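Just below is one structure, and these are the notes that go with it.
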Amino acid sequence: MRIALIAHDGMKTMMVDWVDRQYGELTRHELVATESTGALLAERFGLAVEQVASGPLGGDQQIGAMIVDHRVDLMIFFWDPMGLHPHSPDVQALMRLAVLQDIPMALNPASADRVLRSLSPGRRPEEPETVGGHRRTPSVRPDAARRRTPAAGPATAARPSAAAAARRSPASRWADTSAAPSVPRRGPWGVHGSGRTPTVPSER
């Protein structure tokens, strides 16, 4: 696999740290880089890097031509989002060609790690976990099939469920709500349900 390595001046240190971490894997592939990035990596790590012109002097366009000719399989471009670049049109054209030719492109160390790991020989891209031959989404817990609803206790068994109450006839529900209270209630006219004649207050 041929990998193109590009880094703006403000991202050279980040590129060096990433190559140091992925050195063992990068030695298994062909490398091409813009002039300043390639010279830095060759001097620091002794890597065999094919160098094209510097980015502002046409190196981005040279790598873009390689992408069009299907001579680049992966582009790792650590671009500086906070910097001003006089060759910004070349940078945009390079990214546009990578998208049009549908090659993997990584713009930061995190994405470069994952893309390089997924494209390494002998490794397959990460796939969703399967359970019993069926794909399992992350929202399903692995022990969901083994979980059971706890048995109802005496308190829950004595109380009818909401669904059972909804199936009862209107007459039975009316009988429950219209039943006489078991404890007499005292109001302004005496005790209700006791059979006594309500007391009429005397006029003063």
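Ordering of the structure tokens sets the chain letters (A, B, ...); residue numbers start at 1 within each chain; ligands are numbered from 1 in the order shown.
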Within 10 Å of Leu26 of chain A, counting only C-alpha atoms, which residues show up once you throw out same-chain ones fewer than 2 positions away? Write them as a PyMOL selection string, please.
chain A and resi 1-3+19-24+28-31+47+116+120
Would you put the residues from that selection into a file with N, CA, C and O atoms, as a PDB file, in the first residue's frame?
ATOM      1  N   MET A   1       0.846  -1.191   0.000  1.00  0.00           N
ATOM      2  CA  MET A   1       0.000   0.000   0.000  1.00  0.00           C
ATOM      3  C   MET A   1       0.881   1.240   0.000  1.00  0.00           C
ATOM      4  O   MET A   1       1.897   1.294   0.701  1.00  0.00           O
ATOM      5  N   ARG A   2       0.485   2.226  -0.776  1.00  0.00           N
ATOM      6  CA  ARG A   2       1.244   3.480  -0.859  1.00  0.00           C
ATOM      7  C   ARG A   2       0.503   4.556  -0.087  1.00  0.00           C
ATOM      8  O   ARG A   2      -0.672   4.808  -0.333  1.00  0.00           O
ATOM      9  N   ILE A   3       1.234   5.197   0.816  1.00  0.00           N
ATOM     10  CA  ILE A   3       0.649   6.188   1.717  1.00  0.00           C
ATOM     11  C   ILE A   3       1.293   7.534   1.439  1.00  0.00           C
ATOM     12  O   ILE A   3       2.529   7.644   1.386  1.00  0.00           O
ATOM     13  N   VAL A  19       4.270   9.371  13.428  1.00  0.00           N
ATOM     14  CA  VAL A  19       5.127   8.410  12.730  1.00  0.00           C
ATOM     15  C   VAL A  19       5.948   7.602  13.731  1.00  0.00           C
ATOM     16  O   VAL A  19       6.177   6.398  13.550  1.00  0.00           O
ATOM     17  N   ASP A  20       6.397   8.247  14.797  1.00  0.00           N
ATOM     18  CA  ASP A  20       7.141   7.520  15.825  1.00  0.00           C
ATOM     19  C   ASP A  20       6.284   6.418  16.439  1.00  0.00           C
ATOM     20  O   ASP A  20       6.777   5.315  16.731  1.00  0.00           O
ATOM     21  N   ARG A  21       4.999   6.706  16.629  1.00  0.00           N
ATOM     22  CA  ARG A  21       4.102   5.703  17.216  1.00  0.00           C
ATOM     23  C   ARG A  21       3.753   4.594  16.230  1.00  0.00           C
ATOM     24  O   ARG A  21       3.567   3.442  16.613  1.00  0.00           O
ATOM     25  N   GLN A  22       3.673   4.923  14.945  1.00  0.00           N
ATOM     26  CA  GLN A  22       3.276   3.950  13.934  1.00  0.00           C
ATOM     27  C   GLN A  22       4.458   3.495  13.076  1.00  0.00           C
ATOM     28  O   GLN A  22       4.261   2.986  11.967  1.00  0.00           O
ATOM     29  N   TYR A  23       5.662   3.652  13.600  1.00  0.00           N
ATOM     30  CA  TYR A  23       6.854   3.357  12.802  1.00  0.00           C
ATOM     31  C   TYR A  23       6.857   1.911  12.294  1.00  0.00           C
ATOM     32  O   TYR A  23       7.129   1.640  11.116  1.00  0.00           O
ATOM     33  N   GLY A  24       6.579   0.967  13.168  1.00  0.00           N
ATOM     34  CA  GLY A  24       6.607  -0.438  12.771  1.00  0.00           C
ATOM     35  C   GLY A  24       5.644  -0.749  11.644  1.00  0.00           C
ATOM     36  O   GLY A  24       5.950  -1.557  10.749  1.00  0.00           O
ATOM     37  N   ARG A  28       6.210  -1.138   6.530  1.00  0.00           N
ATOM     38  CA  ARG A  28       5.684  -2.195   5.661  1.00  0.00           C
ATOM     39  C   ARG A  28       5.046  -1.630   4.396  1.00  0.00           C
ATOM     40  O   ARG A  28       4.582  -2.394   3.563  1.00  0.00           O
ATOM     41  N   HIS A  29       5.002  -0.300   4.255  1.00  0.00           N
ATOM     42  CA  HIS A  29       4.321   0.317   3.118  1.00  0.00           C
ATOM     43  C   HIS A  29       5.250   1.281   2.385  1.00  0.00           C
ATOM     44  O   HIS A  29       6.292   1.698   2.915  1.00  0.00           O
ATOM     45  N   GLU A  30       4.850   1.640   1.189  1.00  0.00           N
ATOM     46  CA  GLU A  30       5.561   2.661   0.417  1.00  0.00           C
ATOM     47  C   GLU A  30       5.056   4.030   0.856  1.00  0.00           C
ATOM     48  O   GLU A  30       3.846   4.230   1.031  1.00  0.00           O
ATOM     49  N   LEU A  31       5.990   4.966   0.996  1.00  0.00           N
ATOM     50  CA  LEU A  31       5.651   6.291   1.491  1.00  0.00           C
ATOM     51  C   LEU A  31       6.033   7.340   0.459  1.00  0.00           C
ATOM     52  O   LEU A  31       7.101   7.261  -0.159  1.00  0.00           O
ATOM     53  N   LEU A  47      13.444   6.586   7.218  1.00  0.00           N
ATOM     54  CA  LEU A  47      12.462   5.947   6.347  1.00  0.00           C
ATOM     55  C   LEU A  47      12.764   6.254   4.885  1.00  0.00           C
ATOM     56  O   LEU A  47      13.266   7.337   4.547  1.00  0.00           O
ATOM     57  N   LEU A 116      -5.388   3.544   9.320  1.00  0.00           N
ATOM     58  CA  LEU A 116      -4.227   2.685   9.078  1.00  0.00           C
ATOM     59  C   LEU A 116      -4.446   1.300   9.655  1.00  0.00           C
ATOM     60  O   LEU A 116      -4.064   0.291   9.043  1.00  0.00           O
ATOM     61  N   SER A 120      -4.616  -2.308   7.346  1.00  0.00           N
ATOM     62  CA  SER A 120      -3.422  -3.128   7.482  1.00  0.00           C
ATOM     63  C   SER A 120      -3.689  -4.549   7.005  1.00  0.00           C
ATOM     64  O   SER A 120      -4.795  -5.082   7.199  1.00  0.00           O
TER      65      SER A 120
END
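Straight-line separation from atom CA of Leu74 of chain A to atom CA of Glu43 of chain A: 22.5 Å.
Proximity of A:Asp9, A:Ala42, A:Asp17, A:Arg96 to Gly55 of chain A, computed with only C-alpha atoms, is greatest for A:Asp9.
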Residue neighbourhood Pro89 of chain A, 12 Å, only C-alpha atoms, exclusion window fewer than 2 positions, as a PyMOL selection string
chain A and resi 55-56+58+60-61+84-87+91-96
Write to file, as a compact mmCIF listing (two decimals), in the first residue's frame, the residues of the selection just made, with C-alpha atoms.
# COMPACT_ATOMS: atom_id res chain seq x y z
CA GLY A 55 3.31 21.97 -0.97
CA PRO A 56 3.27 25.68 -1.89
CA GLY A 58 3.22 22.33 -6.45
CA ASP A 60 0.03 19.10 -3.39
CA GLN A 61 -0.81 19.03 -7.09
CA LEU A 84 -3.17 31.03 6.82
CA HIS A 85 -1.91 29.23 3.74
CA PRO A 86 -1.08 31.02 0.48
CA HIS A 87 -1.72 27.79 -1.44
CA VAL A 91 -5.08 22.19 -0.55
CA GLN A 92 -8.79 22.28 -1.36
CA ALA A 93 -8.15 20.74 -4.79
CA LEU A 94 -6.13 17.93 -3.19
CA MET A 95 -8.91 17.09 -0.72
CA ARG A 96 -11.47 17.31 -3.52
Skipping near chain neighbours, those fewer than 2 positions away, what residues fall within 8 Å of segment 10-16 of chain A using only C-alpha atoms, listed as a list of chain:residue names?
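Within the cut-off, the hits are A:Ala7, A:His8, A:Trp18, A:Val19, A:Asp20, A:Thr37, A:Leu41, A:Phe78, A:Trp79, A:Asp80, A:Gly83, A:Pro109.
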Can you spit out the residues from that selection as a PDB file, in the first residue's frame, using C-alpha atoms?
ATOM      1  CA  ALA A   7       1.827  18.123   7.172  1.00  0.00           C
ATOM      2  CA  HIS A   8       1.685  21.899   7.372  1.00  0.00           C
ATOM      3  CA  TRP A  18       2.470  10.006  14.949  1.00  0.00           C
ATOM      4  CA  VAL A  19       5.127   8.410  12.730  1.00  0.00           C
ATOM      5  CA  ASP A  20       7.141   7.520  15.825  1.00  0.00           C
ATOM      6  CA  THR A  37       7.730  16.606   5.462  1.00  0.00           C
ATOM      7  CA  LEU A  41      10.852  11.952   8.355  1.00  0.00           C
ATOM      8  CA  PHE A  78      -2.252  16.938   9.009  1.00  0.00           C
ATOM      9  CA  TRP A  79      -3.405  20.391   7.944  1.00  0.00           C
ATOM     10  CA  ASP A  80      -3.335  23.405  10.229  1.00  0.00           C
ATOM     11  CA  GLY A  83      -3.026  28.890   9.960  1.00  0.00           C
ATOM     12  CA  PRO A 109      -3.795  11.471  14.422  1.00  0.00           C
TER      13      PRO A 109
END
Using atom CA of Asp113 of chain A and atom CA of Leu57 of chain A as the two end points, give the distance in Å to one decimal.
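Computed distance, atom CA of Asp113 of chain A to atom CA of Leu57 of chain A, equals 28.7 Å.
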Counting only C-alpha atoms, which residue out of A:Val72, A:Val32, A:Leu119, A:Ala110 sits closest to Gln51 of chain A?
A:Val32
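Counting from atom CA of Val115 of chain A, the distance to atom CA of Ala65 of chain A is 21.9 Å.
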Neighbour list for Ala39 of chain A as a list in words, cut-off 10 Å, only C-alpha atoms, skip fewer than 5 positions in-chain:
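Result of the neighbour search: Ala33, Thr34, Arg44, Gly46, Leu47, Ala48, Val49, Glu50 and Gln51 of chain A.
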Selected residues, N, CA and C atoms, written as a compact mmCIF listing (two decimals), in the first residue's frame, please.
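Result went into part.txt, see below:
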# COMPACT_ATOMS: atom_id res chain seq x y z
N ALA A 33 5.79 11.80 0.20
CA ALA A 33 5.52 12.97 1.02
C ALA A 33 6.00 14.21 0.28
N THR A 34 5.45 15.35 0.70
CA THR A 34 5.95 16.62 0.20
C THR A 34 7.38 16.83 0.71
N ARG A 44 14.80 11.95 10.55
CA ARG A 44 14.52 11.56 11.93
C ARG A 44 14.42 10.05 12.11
N GLY A 46 14.93 7.63 9.31
CA GLY A 46 15.60 6.83 8.30
C GLY A 46 14.65 6.10 7.38
N LEU A 47 13.44 6.59 7.22
CA LEU A 47 12.46 5.95 6.35
C LEU A 47 12.76 6.25 4.89
N ALA A 48 12.44 5.28 4.03
CA ALA A 48 12.56 5.49 2.59
C ALA A 48 11.30 6.20 2.10
N VAL A 49 11.40 7.49 1.87
CA VAL A 49 10.25 8.31 1.51
C VAL A 49 10.49 8.93 0.13
N GLU A 50 9.58 8.70 -0.78
CA GLU A 50 9.64 9.38 -2.06
C GLU A 50 9.18 10.82 -1.87
N GLN A 51 9.99 11.77 -2.27
CA GLN A 51 9.69 13.17 -2.03
C GLN A 51 9.29 13.86 -3.34
